[in-house]
Structure formats: C-alpha cells, structure tokens
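Colleague: Contents of run_2.cif (mmCIF, C-alpha atoms and all ligand atoms) are given next:
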data_model
loop_
_atom_site.group_PDB
_atom_site.id
_atom_site.type_symbol
_atom_site.label_atom_id
_atom_site.label_comp_id
_atom_site.auth_asym_id
_atom_site.auth_seq_id
_atom_site.Cartn_x
_atom_site.Cartn_y
_atom_site.Cartn_z
ATOM 1 C CA MET A 1 0.861 -11.554 17.217
ATOM 2 C CA SER A 2 4.501 -11.001 18.141
ATOM 3 C CA ILE A 3 5.122 -7.517 19.461
ATOM 4 C CA PRO A 4 8.767 -6.775 20.202
ATOM 5 C CA GLY A 5 9.844 -3.627 22.004
ATOM 6 C CA ALA A 6 9.429 -2.564 25.618
ATOM 7 C CA GLY A 7 6.067 -1.127 26.501
ATOM 8 C CA TRP A 8 4.514 -1.994 23.183
ATOM 9 C CA GLY A 9 1.935 -4.448 24.569
ATOM 10 C CA THR A 10 0.004 -1.683 26.307
ATOM 11 C CA LEU A 11 -0.004 0.504 23.242
ATOM 12 C CA ALA A 12 -1.060 -2.299 20.959
ATOM 13 C CA SER A 13 -3.893 -3.445 23.173
ATOM 14 C CA ARG A 14 -5.115 0.145 23.568
ATOM 15 C CA ALA A 15 -5.031 0.536 19.817
ATOM 16 C CA MET A 16 -7.013 -2.589 19.229
ATOM 17 C CA THR A 17 -9.659 -2.047 21.879
ATOM 18 C CA SER A 18 -10.258 1.510 20.773
ATOM 19 C CA ALA A 19 -10.696 0.765 17.096
ATOM 20 C CA LEU A 20 -10.866 -2.902 16.338
ATOM 21 C CA ARG A 21 -11.895 -6.125 17.964
ATOM 22 C CA THR A 22 -9.935 -9.358 17.890
ATOM 23 C CA GLU A 23 -11.258 -12.646 16.584
ATOM 24 C CA PRO A 24 -10.658 -15.164 19.408
ATOM 25 C CA GLY A 25 -7.996 -17.690 18.668
ATOM 26 C CA THR A 26 -6.712 -16.165 15.444
ATOM 27 C CA GLY A 27 -5.521 -12.711 16.385
ATOM 28 C CA SER A 28 -7.116 -11.318 13.256
ATOM 29 C CA ARG A 29 -9.127 -8.142 13.504
ATOM 30 C CA ILE A 30 -12.373 -8.706 11.737
ATOM 31 C CA ALA A 31 -14.534 -5.620 12.073
ATOM 32 C CA SER A 32 -14.890 -2.358 13.823
ATOM 33 C CA ASP A 33 -16.905 -2.140 17.046
ATOM 34 C CA GLU A 34 -19.866 -1.079 14.922
ATOM 35 C CA GLY A 35 -19.486 -4.220 12.819
ATOM 36 C CA GLU A 36 -18.750 -2.290 9.611
ATOM 37 C CA VAL A 37 -17.392 -4.195 6.649
ATOM 38 C CA ALA A 38 -13.722 -3.281 6.233
ATOM 39 C CA ALA A 39 -12.564 -1.676 2.999
ATOM 40 C CA PHE A 40 -9.722 -4.195 2.867
ATOM 41 C CA ARG A 41 -9.254 -7.204 5.078
ATOM 42 C CA LEU A 42 -6.335 -9.627 4.919
ATOM 43 C CA VAL A 43 -6.512 -12.719 7.079
ATOM 44 C CA GLY A 44 -3.662 -15.157 7.617
ATOM 45 C CA LEU A 45 -1.844 -14.437 4.344
ATOM 46 C CA HIS A 46 1.207 -16.638 4.079
ATOM 47 C CA LYS A 47 3.886 -17.030 1.424
ATOM 48 C CA ARG A 48 7.072 -19.059 1.262
ATOM 49 C CA PHE A 49 9.722 -18.893 -1.438
ATOM 50 C CA GLY A 50 11.577 -22.196 -1.046
ATOM 51 C CA GLU A 51 12.840 -22.280 2.538
ATOM 52 C CA HIS A 52 12.254 -18.574 3.057
ATOM 53 C CA THR A 53 9.029 -17.329 4.632
ATOM 54 C CA ALA A 54 8.347 -13.960 3.022
ATOM 55 C CA VAL A 55 4.944 -13.376 4.648
ATOM 56 C CA ASP A 56 4.021 -15.136 7.870
ATOM 57 C CA HIS A 57 0.263 -15.371 8.467
ATOM 58 C CA ALA A 58 -0.263 -11.626 8.101
ATOM 59 C CA ASP A 59 -3.544 -10.032 9.203
ATOM 60 C CA LEU A 60 -4.304 -6.473 8.236
ATOM 61 C CA THR A 61 -7.489 -4.390 8.221
ATOM 62 C CA VAL A 62 -8.151 -1.102 6.442
ATOM 63 C CA ALA A 63 -11.330 0.423 7.856
ATOM 64 C CA ALA A 64 -13.646 2.067 5.342
ATOM 65 C CA GLY A 65 -12.746 5.736 4.943
ATOM 66 C CA SER A 66 -9.283 5.416 6.433
ATOM 67 C CA PHE A 67 -5.837 6.291 5.123
ATOM 68 C CA TYR A 68 -3.566 3.401 6.041
ATOM 69 C CA GLY A 69 0.236 3.417 5.939
ATOM 70 C CA LEU A 70 2.111 0.131 5.793
ATOM 71 C CA VAL A 71 5.735 0.454 6.879
ATOM 72 C CA GLY A 72 8.551 -2.019 7.403
ATOM 73 C CA PRO A 73 12.236 -2.461 6.676
ATOM 74 C CA ASN A 74 13.565 -3.677 3.319
ATOM 75 C CA GLY A 75 12.530 -7.270 2.776
ATOM 76 C CA ALA A 76 9.832 -7.205 5.482
ATOM 77 C CA GLY A 77 7.248 -8.598 3.071
ATOM 78 C CA LYS A 78 5.201 -5.492 2.248
ATOM 79 C CA THR A 79 5.220 -5.910 -1.529
ATOM 80 C CA THR A 80 4.584 -9.647 -1.283
ATOM 81 C CA VAL A 81 1.625 -9.263 1.082
ATOM 82 C CA LEU A 82 0.103 -6.484 -1.039
ATOM 83 C CA SER A 83 0.551 -8.336 -4.309
ATOM 84 C CA MET A 84 -1.184 -11.383 -2.790
ATOM 85 C CA ALA A 85 -3.937 -9.247 -1.318
ATOM 86 C CA VAL A 86 -4.821 -7.628 -4.651
ATOM 87 C CA GLY A 87 -4.753 -10.949 -6.493
ATOM 88 C CA LEU A 88 -1.451 -10.569 -8.376
ATOM 89 C CA GLN A 89 0.249 -13.437 -6.578
ATOM 90 C CA TRP A 90 -1.161 -16.672 -5.127
ATOM 91 C CA PRO A 91 -0.862 -17.006 -1.360
ATOM 92 C CA ASP A 92 0.059 -20.360 0.175
ATOM 93 C CA GLU A 93 -2.626 -19.699 2.792
ATOM 94 C CA GLY A 94 -5.029 -16.972 3.804
ATOM 95 C CA ARG A 95 -7.690 -14.809 2.261
ATOM 96 C CA ALA A 96 -8.354 -11.205 1.351
ATOM 97 C CA SER A 97 -11.501 -9.211 0.739
ATOM 98 C CA VAL A 98 -12.378 -5.737 -0.546
ATOM 99 C CA HIS A 99 -15.557 -4.300 0.954
ATOM 100 C CA GLY A 100 -16.554 -7.869 1.762
ATOM 101 C CA VAL A 101 -15.828 -9.220 -1.756
ATOM 102 C CA ASP A 102 -13.360 -12.110 -1.738
ATOM 103 C CA VAL A 103 -10.365 -11.352 -3.960
ATOM 104 C CA TRP A 104 -9.987 -15.013 -4.994
ATOM 105 C CA LYS A 105 -13.608 -16.129 -5.215
ATOM 106 C CA GLU A 106 -14.894 -13.050 -7.062
ATOM 107 C CA PRO A 107 -11.790 -11.554 -8.668
ATOM 108 C CA LEU A 108 -13.580 -9.371 -11.223
ATOM 109 C CA ARG A 109 -15.924 -7.796 -8.669
ATOM 110 C CA ALA A 110 -13.017 -7.287 -6.292
ATOM 111 C CA ARG A 111 -10.837 -5.712 -8.983
ATOM 112 C CA ARG A 112 -13.577 -3.266 -9.929
ATOM 113 C CA LEU A 113 -13.569 -1.988 -6.346
ATOM 114 C CA MET A 114 -9.773 -1.573 -6.228
ATOM 115 C CA GLY A 115 -7.257 0.702 -7.857
ATOM 116 C CA VAL A 116 -3.817 -0.847 -7.658
ATOM 117 C CA LEU A 117 -0.333 0.563 -8.073
ATOM 118 C CA PRO A 118 1.962 -2.441 -7.745
ATOM 119 C CA ASP A 119 5.702 -2.237 -7.183
ATOM 120 C CA GLY A 120 7.698 -2.585 -10.410
ATOM 121 C CA LEU A 121 4.636 -1.884 -12.463
ATOM 122 C CA ALA A 122 4.452 -3.716 -15.788
ATOM 123 C CA MET A 123 2.415 -1.707 -18.297
ATOM 124 C CA PRO A 124 1.844 -1.795 -22.041
ATOM 125 C CA GLU A 125 4.900 0.312 -22.799
ATOM 126 C CA ARG A 126 4.551 0.924 -26.513
ATOM 127 C CA LEU A 127 1.615 3.245 -25.949
ATOM 128 C CA THR A 128 1.652 6.930 -25.120
ATOM 129 C CA GLY A 129 0.286 7.957 -21.715
ATOM 130 C CA ARG A 130 -2.976 9.081 -23.332
ATOM 131 C CA GLU A 131 -3.333 5.887 -25.385
ATOM 132 C CA LEU A 132 -2.670 3.789 -22.293
ATOM 133 C CA LEU A 133 -5.354 5.532 -20.245
ATOM 134 C CA THR A 134 -8.011 5.612 -22.950
ATOM 135 C CA SER A 135 -7.531 1.941 -23.855
ATOM 136 C CA LEU A 136 -7.543 0.871 -20.197
ATOM 137 C CA GLY A 137 -10.647 2.990 -19.601
ATOM 138 C CA GLN A 138 -12.445 1.147 -22.370
ATOM 139 C CA LEU A 139 -11.255 -2.199 -20.971
ATOM 140 C CA HIS A 140 -12.879 -1.113 -17.702
ATOM 141 C CA GLY A 141 -16.144 -0.685 -19.616
ATOM 142 C CA LEU A 142 -16.154 3.102 -20.018
ATOM 143 C CA ASP A 143 -17.447 4.388 -23.351
ATOM 144 C CA ALA A 144 -14.873 6.029 -25.615
ATOM 145 C CA ALA A 145 -15.917 9.609 -24.794
ATOM 146 C CA GLU A 146 -15.866 9.036 -21.027
ATOM 147 C CA ALA A 147 -12.515 7.210 -21.231
ATOM 148 C CA ALA A 148 -11.066 10.127 -23.206
ATOM 149 C CA ARG A 149 -12.489 12.674 -20.751
ATOM 150 C CA ARG A 150 -11.056 10.888 -17.712
ATOM 151 C CA ALA A 151 -7.713 10.319 -19.467
ATOM 152 C CA GLY A 152 -7.456 14.032 -20.249
ATOM 153 C CA GLU A 153 -8.245 15.057 -16.660
ATOM 154 C CA LEU A 154 -5.821 12.560 -15.151
ATOM 155 C CA LEU A 155 -3.012 13.549 -17.535
ATOM 156 C CA ALA A 156 -3.527 17.212 -16.660
ATOM 157 C CA VAL A 157 -3.659 16.610 -12.899
ATOM 158 C CA MET A 158 -0.551 14.421 -13.008
ATOM 159 C CA GLU A 159 1.226 16.988 -15.177
ATOM 160 C CA LEU A 160 1.675 14.394 -17.865
ATOM 161 C CA ASP A 161 -0.095 16.446 -20.523
ATOM 162 C CA GLY A 162 1.684 18.412 -23.233
ATOM 163 C CA SER A 163 4.647 16.594 -24.715
ATOM 164 C CA ALA A 164 4.546 13.848 -22.035
ATOM 165 C CA GLU A 165 1.197 12.558 -23.221
ATOM 166 C CA ARG A 166 2.668 11.964 -26.675
ATOM 167 C CA THR A 167 5.723 10.154 -25.264
ATOM 168 C CA LEU A 168 5.731 6.362 -25.193
ATOM 169 C CA VAL A 169 5.510 4.977 -21.655
ATOM 170 C CA VAL A 170 8.710 3.031 -22.313
ATOM 171 C CA ASP A 171 10.504 6.393 -22.501
ATOM 172 C CA TYR A 172 9.015 7.764 -19.250
ATOM 173 C CA SER A 173 11.245 8.508 -16.264
ATOM 174 C CA THR A 174 10.736 6.503 -13.058
ATOM 175 C CA GLY A 175 8.661 9.275 -11.497
ATOM 176 C CA MET A 176 6.531 9.659 -14.647
ATOM 177 C CA ARG A 177 5.877 5.915 -14.583
ATOM 178 C CA LYS A 178 4.680 6.200 -10.977
ATOM 179 C CA LYS A 179 2.329 8.990 -11.973
ATOM 180 C CA ILE A 180 0.870 7.207 -14.996
ATOM 181 C CA GLY A 181 0.562 4.090 -12.820
ATOM 182 C CA LEU A 182 -1.401 6.076 -10.269
ATOM 183 C CA ALA A 183 -3.574 7.471 -13.067
ATOM 184 C CA THR A 184 -4.377 3.913 -14.220
ATOM 185 C CA ALA A 185 -5.286 3.023 -10.619
ATOM 186 C CA LEU A 186 -7.747 5.948 -10.400
ATOM 187 C CA LEU A 187 -9.255 5.670 -13.885
ATOM 188 C CA HIS A 188 -12.240 3.421 -13.149
ATOM 189 C CA GLY A 189 -13.309 5.228 -9.956
ATOM 190 C CA PRO A 190 -12.419 2.557 -7.357
ATOM 191 C CA LYS A 191 -13.475 2.604 -3.682
ATOM 192 C CA LEU A 192 -10.087 1.442 -2.418
ATOM 193 C CA LEU A 193 -6.593 2.373 -3.570
ATOM 194 C CA VAL A 194 -3.700 0.001 -2.845
ATOM 195 C CA LEU A 195 -0.481 1.827 -3.675
ATOM 196 C CA ASP A 196 2.952 0.293 -3.228
ATOM 197 C CA GLU A 197 5.396 3.155 -2.612
ATOM 198 C CA PRO A 198 3.440 5.751 -4.642
ATOM 199 C CA PHE A 199 5.858 8.594 -3.819
ATOM 200 C CA GLU A 200 9.080 6.794 -4.690
ATOM 201 C CA ALA A 201 11.070 8.791 -7.273
ATOM 202 C CA VAL A 202 8.342 11.433 -7.543
ATOM 203 C CA ASP A 203 9.449 15.087 -7.427
ATOM 204 C CA PRO A 204 8.171 17.306 -4.563
ATOM 205 C CA VAL A 205 5.686 19.229 -6.698
ATOM 206 C CA SER A 206 4.166 16.061 -8.115
ATOM 207 C CA ALA A 207 4.209 14.507 -4.634
ATOM 208 C CA ALA A 208 2.192 17.440 -3.318
ATOM 209 C CA THR A 209 -0.312 16.943 -6.151
ATOM 210 C CA ILE A 210 -0.605 13.222 -5.429
ATOM 211 C CA LYS A 211 -1.098 13.910 -1.706
ATOM 212 C CA GLN A 212 -3.932 16.302 -2.571
ATOM 213 C CA ILE A 213 -5.575 13.735 -4.824
ATOM 214 C CA LEU A 214 -5.340 11.031 -2.170
ATOM 215 C CA LYS A 215 -6.686 13.313 0.567
ATOM 216 C CA ARG A 216 -9.603 14.281 -1.692
ATOM 217 C CA PHE A 217 -10.226 10.616 -2.416
ATOM 218 C CA VAL A 218 -10.458 9.817 1.303
ATOM 219 C CA ALA A 219 -12.522 12.929 2.059
ATOM 220 C CA GLY A 220 -14.930 11.725 -0.621
ATOM 221 C CA GLY A 221 -15.426 8.397 1.165
ATOM 222 C CA GLY A 222 -12.657 6.300 -0.427
ATOM 223 C CA SER A 223 -10.034 4.304 1.443
ATOM 224 C CA VAL A 224 -6.303 4.249 0.749
ATOM 225 C CA LEU A 225 -3.498 1.893 1.672
ATOM 226 C CA ILE A 226 0.032 3.019 0.861
ATOM 227 C CA SER A 227 3.324 1.360 1.642
ATOM 228 C CA SER A 228 6.191 3.714 2.299
ATOM 229 C CA HIS A 229 9.634 4.006 3.828
ATOM 230 C CA VAL A 230 9.130 7.680 4.550
ATOM 231 C CA MET A 231 7.875 7.922 8.126
ATOM 232 C CA ALA A 232 7.249 11.679 7.945
ATOM 233 C CA LEU A 233 4.989 11.147 4.957
ATOM 234 C CA VAL A 234 3.033 8.404 6.711
ATOM 235 C CA GLU A 235 2.653 10.632 9.778
ATOM 236 C CA GLN A 236 1.446 13.482 7.601
ATOM 237 C CA LEU A 237 -1.099 11.497 5.593
ATOM 238 C CA CYS A 238 -2.230 8.398 7.438
ATOM 239 C CA ASP A 239 -4.656 7.906 10.309
ATOM 240 C CA THR A 240 -3.814 4.218 10.686
ATOM 241 C CA VAL A 241 -0.516 2.364 10.435
ATOM 242 C CA GLY A 242 0.637 -1.208 10.180
ATOM 243 C CA VAL A 243 4.230 -2.217 10.847
ATOM 244 C CA MET A 244 5.702 -5.311 9.198
ATOM 245 C CA ALA A 245 8.922 -7.040 10.193
ATOM 246 C CA LYS A 246 10.199 -10.401 8.998
ATOM 247 C CA GLY A 247 6.957 -11.210 7.225
ATOM 248 C CA ARG A 248 4.707 -10.487 10.194
ATOM 249 C CA VAL A 249 2.407 -7.590 10.995
ATOM 250 C CA VAL A 250 3.907 -6.701 14.361
ATOM 251 C CA ALA A 251 1.676 -3.731 15.145
ATOM 252 C CA GLU A 252 -1.434 -2.153 13.734
ATOM 253 C CA GLY A 253 -3.739 0.616 14.896
ATOM 254 C CA PRO A 254 -4.449 4.338 14.875
ATOM 255 C CA LEU A 255 -1.294 6.364 14.186
ATOM 256 C CA ASP A 256 -1.274 8.140 17.551
ATOM 257 C CA GLU A 257 -1.734 4.892 19.460
ATOM 258 C CA VAL A 258 1.012 3.125 17.562
ATOM 259 C CA ARG A 259 3.580 5.896 17.997
ATOM 260 C CA GLY A 260 2.495 6.499 21.601
ATOM 261 C CA GLY A 261 3.773 10.060 21.955
ATOM 262 C CA ARG A 262 7.021 9.429 20.095
ATOM 263 C CA SER A 263 7.900 9.870 16.447
ATOM 264 C CA LEU A 264 6.856 7.028 14.167
ATOM 265 C CA GLU A 265 10.509 6.580 13.250
ATOM 266 C CA GLU A 266 11.535 5.943 16.878
ATOM 267 C CA THR A 267 8.627 3.551 17.368
ATOM 268 C CA PHE A 268 9.467 1.806 14.112
ATOM 269 C CA VAL A 269 13.097 1.243 15.086
ATOM 270 C CA ASP A 270 11.979 -0.239 18.426
ATOM 271 C CA LEU A 271 9.335 -2.421 16.850
ATOM 272 C CA VAL A 272 11.465 -3.932 14.134
ATOM 273 C CA GLY A 273 14.288 -4.448 16.614
ATOM 274 C CA VAL A 274 17.127 -3.120 14.483
ATOM 275 C CA GLU A 275 20.416 -1.563 15.486
ATOM 276 C CA ILE A 276 21.286 1.633 13.636
ATOM 277 C CA GLY A 277 24.430 0.772 11.675
ATOM 278 C CA GLY A 278 27.005 2.890 9.909
ATOM 279 C CA SER A 279 29.291 3.795 12.795
ATOM 280 C CA GLU A 280 31.543 0.735 12.537
ATOM 281 C CA GLY A 281 33.799 -0.663 9.805
ATOM 282 C CA LEU A 282 34.520 1.191 6.550
ATOM 283 C CA SER A 283 37.757 2.482 8.065
ATOM 284 C CA TRP A 284 39.098 2.827 4.518
ATOM 285 C CA LEU A 285 36.309 5.303 3.735
ATOM 286 C CA VAL A 286 37.043 7.872 6.414
ATOM 287 C CA SER A 287 40.453 9.118 7.347
HETATM 288 N N1 LIG B 301 9.736 -14.037 -6.257
HETATM 289 C C1 LIG B 301 10.496 -14.166 -5.176
HETATM 290 N N2 LIG B 301 11.344 -15.215 -5.047
HETATM 291 C C2 LIG B 301 12.111 -15.377 -3.946
HETATM 292 N N3 LIG B 301 12.098 -14.531 -2.885
HETATM 293 C C3 LIG B 301 11.276 -13.472 -2.961
HETATM 294 C C4 LIG B 301 10.443 -13.234 -4.100
HETATM 295 N N4 LIG B 301 9.738 -12.095 -3.868
HETATM 296 C C5 LIG B 301 10.115 -11.646 -2.656
HETATM 297 N N5 LIG B 301 11.031 -12.474 -2.116
HETATM 298 C C6 LIG B 301 11.666 -12.339 -0.799
HETATM 299 O O1 LIG B 301 10.628 -12.126 0.146
HETATM 300 C C7 LIG B 301 11.036 -11.182 1.119
HETATM 301 C C8 LIG B 301 10.052 -10.047 1.172
HETATM 302 O O2 LIG B 301 10.220 -9.267 -0.014
HETATM 303 P P1 LIG B 301 9.272 -8.011 -0.301
HETATM 304 O O3 LIG B 301 9.667 -7.490 -1.640
HETATM 305 O O4 LIG B 301 7.869 -8.399 -0.114
HETATM 306 O O5 LIG B 301 9.721 -7.019 0.858
HETATM 307 P P2 LIG B 301 9.411 -5.460 1.027
HETATM 308 O O6 LIG B 301 9.018 -5.263 2.439
HETATM 309 O O7 LIG B 301 8.456 -5.008 -0.015
HETATM 310 O O8 LIG B 301 10.849 -4.840 0.788
HETATM 311 P P3 LIG B 301 11.285 -3.374 0.236
HETATM 312 O O9 LIG B 301 10.894 -2.404 1.291
HETATM 313 O O10 LIG B 301 12.769 -3.507 0.110
HETATM 314 O O11 LIG B 301 10.600 -3.133 -1.073
HETATM 315 C C9 LIG B 301 12.468 -10.769 0.764
HETATM 316 O O12 LIG B 301 13.358 -11.565 1.525
HETATM 317 C C10 LIG B 301 12.568 -11.117 -0.707
HETATM 318 O O13 LIG B 301 13.886 -11.465 -1.064
#
If you convert what's in this file into structure tokens, what do you get?
Ligand SMILES: Nc1ncnc2c1ncn2[C@@H]1O[C@H](COP(=O)(O)OP(=O)(O)OP(=O)(O)O)[C@@H](O)[C@H]1O
Modeller:
Amino acid sequence: MSIPGAGWGTLASRAMTSALRTEPGTGSRIASDEGEVAAFRLVGLHKRFGEHTAVDHADLTVAAGSFYGLVGPNGAGKTTVLSMAVGLQWPDEGRASVHGVDVWKEPLRARRLMGVLPDGLAMPERLTGRELLTSLGQLHGLDAAEAARRAGELLAVMELDGSAERTLVVDYSTGMRKKIGLATALLHGPKLLVLDEPFEAVDPVSAATIKQILKRFVAGGGSVLISSHVMALVEQLCDTVGVMAKGRVVAEGPLDEVRGGRSLEETFVDLVGVEIGGSEGLSWLVS
C-alpha cells in the first residue's frame, strides 16, 4: 500500500493493528482480530479503461456494524470501485463479498443483502415515486400489501409524499432523485447500504432526515458505506474512513486514527498530495 505524506506510516500501522489484521503478502485486510466476517470486503479490485488505470488493486473492508466514509479527489476511482464492488461493472481483477457472499459467484444472494445507490442512478423514469417503489418491492419478492406499506413509509420519511408521489420520476429534481434512489436502496431491508454521494444536491432538511435514517440503520445492526466529498459530513457520521487517490486506497482505518488529531480535510490534502490551487493565473478575473 502506498502511503504518501509525512508521518502517515505510523498512523496507518496503528490504525491497522488496532482494528484490522493484514493478509501477508497482499496488503489486504481480511478480518477483524475476532475473525468476524466483514459486511463488505473488496480485495484487489482493478479496472483499466484503455491505457488509463481507474482503480489499482484496491482493498477495502467495511466491518459489520460500521459507518464507513470513502473519500478521494475527483477522478480518484471511488465510483468505479463501488460500481465494481456491487456488481454493476466487471472488474479486470479482484473480488468482492457482502457478509461473506461473493458478489460475482452468488449475485442474487449478494444483491439481497445490499441496498445500492449508484452515482448517476438510472431508474424507470416513467413511473411515479409510489409506482416505482411498489413495483420494485414486488420485484424483491414482497407481497403487494407489504410493498405498498413500505413504499408509503419511505415516501413519507423522504418527504416525497403529497404531490411528489404523483410526479413522474423523470420530472424529479436532482435532490428528489437522490431521495427516491435512497428509498429504493432501503426498500428490501438490506444489511449493507452502499451509497455513492447520497447527500449530493440534497437540501439541509432532507440531509438531516437521511442522516437520521442512516444512523438508525447502523444502530439497528446494519452497515453503511458512503462516498462523499464533504469531509465535515464524513467526520460527523463515520467511524471508519478510506482515502482513495489515483485509483489506490492510500489509507484506511478508524476515523480518529486516520486523521491523527488533525481535521480530516488537512489529513486528506496531505494524503492525496495535492497543492491548493486558485492563487495563481486568472489575472483577467481580478483587478
Ligand atoms: N467508462 C469509463 N470510460 C473511461 N474512463 C472512465 C470511465 N469511468 C471512469 N473513468 C475514468 O476513471 C477515473 C475514475 O473515475 P471515477 O468516476 O471512478 O472517479 P471518482 O473518484 O468517483 O470521481 P468524482 O469524485 O469526480 O465522482 C477517471 O479518470 C475517469 O475519467
């Protein structure tokens, strides 16, 4: 594992020894000290697009019952690694499992355990929010009454009831699409939620509601992985963080170990090795 940034080696090794052990020779973390099966385990995921390596042998472990935040700069490979890990995109190499169920060998079992909010969600758009949830519920094997009950509760909690539930999804705003996407991820009662930027474009009131739902989900024994660019949000919600840069997972561990007494933002900037821009050029913009 490549760990840029002064002083990071100590932090990273502390993080790993306290929470996770390392598989000799691979660098992948395979289980907690107690040998528990991870909620989500990605080992050696790799993806190239032509000459470009988007994800470079990424390992990532979400312990059961944890709230995991995946951060990284634009283009770091977060969406690509998550879409491979949930079975939406073929990896060139590597494997992924949900509570020990291999995403590629047993896709239906794995999908039943997961609720997924992918980036750029494609949904049946010519349905209303209510129609979408009830039909998906029945596809998940719920009977019509149970699907309708869950759809009603989710629409109310997401504040998509009233006129919104009669609006076609194609006419939803970006934030409404996030919320209905999250509702579809929750509908079948998964054990793990994998949410790519769930708070993007969501208003503060709805964001507070979603945070509550996710905290309740974890308190009830579920596990959550979110990707986000908002460090304050990750610090507020997550107990574990992974940092991606240039396709690699460059750090992973408990939040406090990873940030090592600093803010996550400062640690992040060190880890991904970027210069803060914006103070040079653009002379035409400022007088
Ligand atoms: N289908 C594709 N074809 C070619 N290149 C791709 C494709 N999908 C992703 N990439 C490239 O892979 C890299 C990783 O992209 P990805 O979307 O996974 O990053 P990200 O960390 O999610 O970024 P962001 O934070 O901006 O959403 C980028 O360089 C991107 O251009």
Colleague: Edge lengths and centre in Å to one decimal, as AutoDock Vina command-line options, of the axis-aligned box that encloses all listed atoms of ligand LIG 301 (chain B) with 8 Å added on every side?
Modeller:
--center_x 10.9 --center_y -8.9 --center_z -1.9 --size_x 22.0 --size_y 29.0 --size_z 24.7
Colleague: Write out as a list in words each polymer residue whose atoms come within 8 Å of Leu127 (chain A), counting all atoms listed in the file; drop sequence neighbours fewer than 2 positions from it.
Modeller: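 The residues that qualify are Pro124, Glu125, Gly129, Arg130, Glu131, Leu132, Leu168, Val169 and Val170 of chain A.
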Colleague: Counting all atoms listed in the file, which of A:Leu139, A:Val157, A:Val116, A:Ala63 gets nearest to Gly87 (chain A)?
Modeller: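 Among A:Leu139, A:Val157, A:Val116, A:Ala63, it is A:Val116 that comes nearest to Gly87 (chain A).
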Colleague: Could you list, as a list of chain:residue names, all the residues within 8 Å of ligand LIG 301 (chain B), counting only C-alpha atoms and all ligand atoms?
Modeller: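 So the residues close to ligand LIG 301 (chain B) are A:Arg48, A:Phe49, A:Gly50, A:His52, A:Thr53, A:Ala54, A:Val55, A:Val71, A:Gly72, A:Pro73, A:Asn74, A:Gly75, A:Ala76, A:Gly77, A:Lys78, A:Thr79, A:Thr80, A:Val81, A:Asp119, A:Ser228, A:His229, A:Met244, A:Ala245, A:Lys246, A:Gly247.
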Colleague: I'd like the residues picked by the PyMOL selection byres (((chain A and resi 101) around 10) and not hetatm) written out as an NGL selection string, using the chain letters and numbers from the file.
Modeller: :A and (37 or 39-41 or 96-100 or 102-111 or 113)
Colleague: Go through A:Ala201, A:Ala151, A:Ala251, A:Leu271 and flag the residue nearest Ser173 (chain A), using only C-alpha atoms for the distances.
Modeller: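 Of A:Ala201, A:Ala151, A:Ala251, A:Leu271, the one nearest Ser173 (chain A) is A:Ala201, counting only C-alpha atoms.
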Colleague: Tell me which of A:Gly273, A:Gly242, A:Gly137, A:Pro204 sits closest to Val258 (chain A), counting all atoms listed in the file.
Modeller: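 With all atoms listed in the file as the atom set, the closest residue is A:Gly242.
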Colleague: Would you mind telling me which residue in A:Leu70, A:Met123, A:Ala219, A:Glu159 lies nearest to Leu264 (chain A) when using all atoms listed in the file?
Modeller: A:Leu70
Colleague: Identify, on the basis of only C-alpha atoms, every residue whose closest approach to Asp239 (chain A) does not exceed 9 Å; exclude the query and any residue fewer than 4 positions from it along the same chain; express the result as a PyMOL selection string.
Modeller: chain A and resi 66-69+234-235+253-256
Colleague: Excluding Pro91 (chain A) and residues on its chain fewer than 4 positions from it, collect all residues at most 6 Å away from it, counting only C-alpha atoms, and give them as a PyMOL selection string.
Modeller: chain A and resi 46-47+84
Colleague: Between CA of Gln212 (chain A) and CA of Val86 (chain A), what is the spacing in Å?
Modeller: 24.0 Å
Colleague: Any idea what the distance is between CA of Gly65 (chain A) and CA of Ala85 (chain A)?
Modeller: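 We find that CA of Gly65 (chain A) and CA of Ala85 (chain A) lie 18.5 Å from each other.
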Colleague: If you count only C-alpha atoms, which residues fall within 10 Å of Lys211 (chain A), apart from same-chain ones fewer than 2 positions away, as a list in words?
Modeller: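 Residues meeting the cut-off are Pro198, Phe199, Val205, Ser206, Ala207, Ala208, Thr209, Ile213, Leu214, Lys215, Arg216, Phe217, Leu233, Gln236 and Leu237 of chain A.
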Colleague: Please, what distance in Å, to one decimal, runs between CA of Leu186 (chain A) and CA of Pro118 (chain A)?
Modeller: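 Taking CA of Leu186 (chain A) and CA of Pro118 (chain A), their separation equals 13.1 Å.
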Colleague: Written as a PDB file with C-alpha atoms, in the coordinates of the input, what is the full residue list that the PyMOL selection byres (((chain A and resi 180) around 8) and not hetatm) yields on the file shown?
Modeller:
ATOM      1  CA  GLY A 129       0.286   7.957 -21.715  1.00  0.00           C
ATOM      2  CA  LEU A 155      -3.012  13.549 -17.535  1.00  0.00           C
ATOM      3  CA  MET A 158      -0.551  14.421 -13.008  1.00  0.00           C
ATOM      4  CA  LEU A 160       1.675  14.394 -17.865  1.00  0.00           C
ATOM      5  CA  MET A 176       6.531   9.659 -14.647  1.00  0.00           C
ATOM      6  CA  ARG A 177       5.877   5.915 -14.583  1.00  0.00           C
ATOM      7  CA  LYS A 178       4.680   6.200 -10.977  1.00  0.00           C
ATOM      8  CA  LYS A 179       2.329   8.990 -11.973  1.00  0.00           C
ATOM      9  CA  GLY A 181       0.562   4.090 -12.820  1.00  0.00           C
ATOM     10  CA  LEU A 182      -1.401   6.076 -10.269  1.00  0.00           C
ATOM     11  CA  ALA A 183      -3.574   7.471 -13.067  1.00  0.00           C
ATOM     12  CA  THR A 184      -4.377   3.913 -14.220  1.00  0.00           C
TER      13      THR A 184
END
Colleague: For each of A:Leu133, A:Glu265, A:Asp270, A:Thr174, take the minimum atom-to-atom distance to Val250 (chain A), counting all atoms listed in the file, then give the residue where this is smallest.
Modeller: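 Looking at the shortest contact to Val250 (chain A), the residue is A:Asp270.
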Colleague: Pick from A:Val224, A:Leu42, A:Leu136, A:Val286: nearest to Thr240 (chain A), with all atoms listed in the file counted?
Modeller: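 Counting all atoms listed in the file, the residue closest to Thr240 (chain A) is A:Val224.
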Colleague: Save region 221-243 of chain A to disk from that block, C-alpha atoms included, as a compact mmCIF listing (two decimals), in the first residue's frame.
Modeller:
# COMPACT_ATOMS: atom_id res chain seq x y z
CA GLY A 221 -27.04 -3.54 13.32
CA GLY A 222 -26.71 -2.52 9.65
CA SER A 223 -23.54 -1.32 7.96
CA VAL A 224 -23.18 1.69 5.68
CA LEU A 225 -20.59 2.78 3.15
CA ILE A 226 -20.94 6.27 1.72
CA SER A 227 -18.68 8.13 -0.65
CA SER A 228 -18.53 11.86 -0.13
CA HIS A 229 -16.52 14.98 -0.85
CA VAL A 230 -17.78 16.65 2.30
CA MET A 231 -15.18 15.99 4.99
CA ALA A 232 -17.27 17.55 7.77
CA LEU A 233 -20.10 15.17 6.96
CA VAL A 234 -17.80 12.15 7.00
CA GLU A 235 -16.36 13.28 10.33
CA GLN A 236 -19.84 13.71 11.74
CA LEU A 237 -21.23 10.36 10.59
CA CYS A 238 -18.48 7.83 10.02
CA ASP A 239 -16.42 5.75 12.42
CA THR A 240 -14.15 4.42 9.67
CA VAL A 241 -12.67 6.11 6.62
CA GLY A 242 -10.90 5.07 3.46
CA VAL A 243 -8.98 7.53 1.32
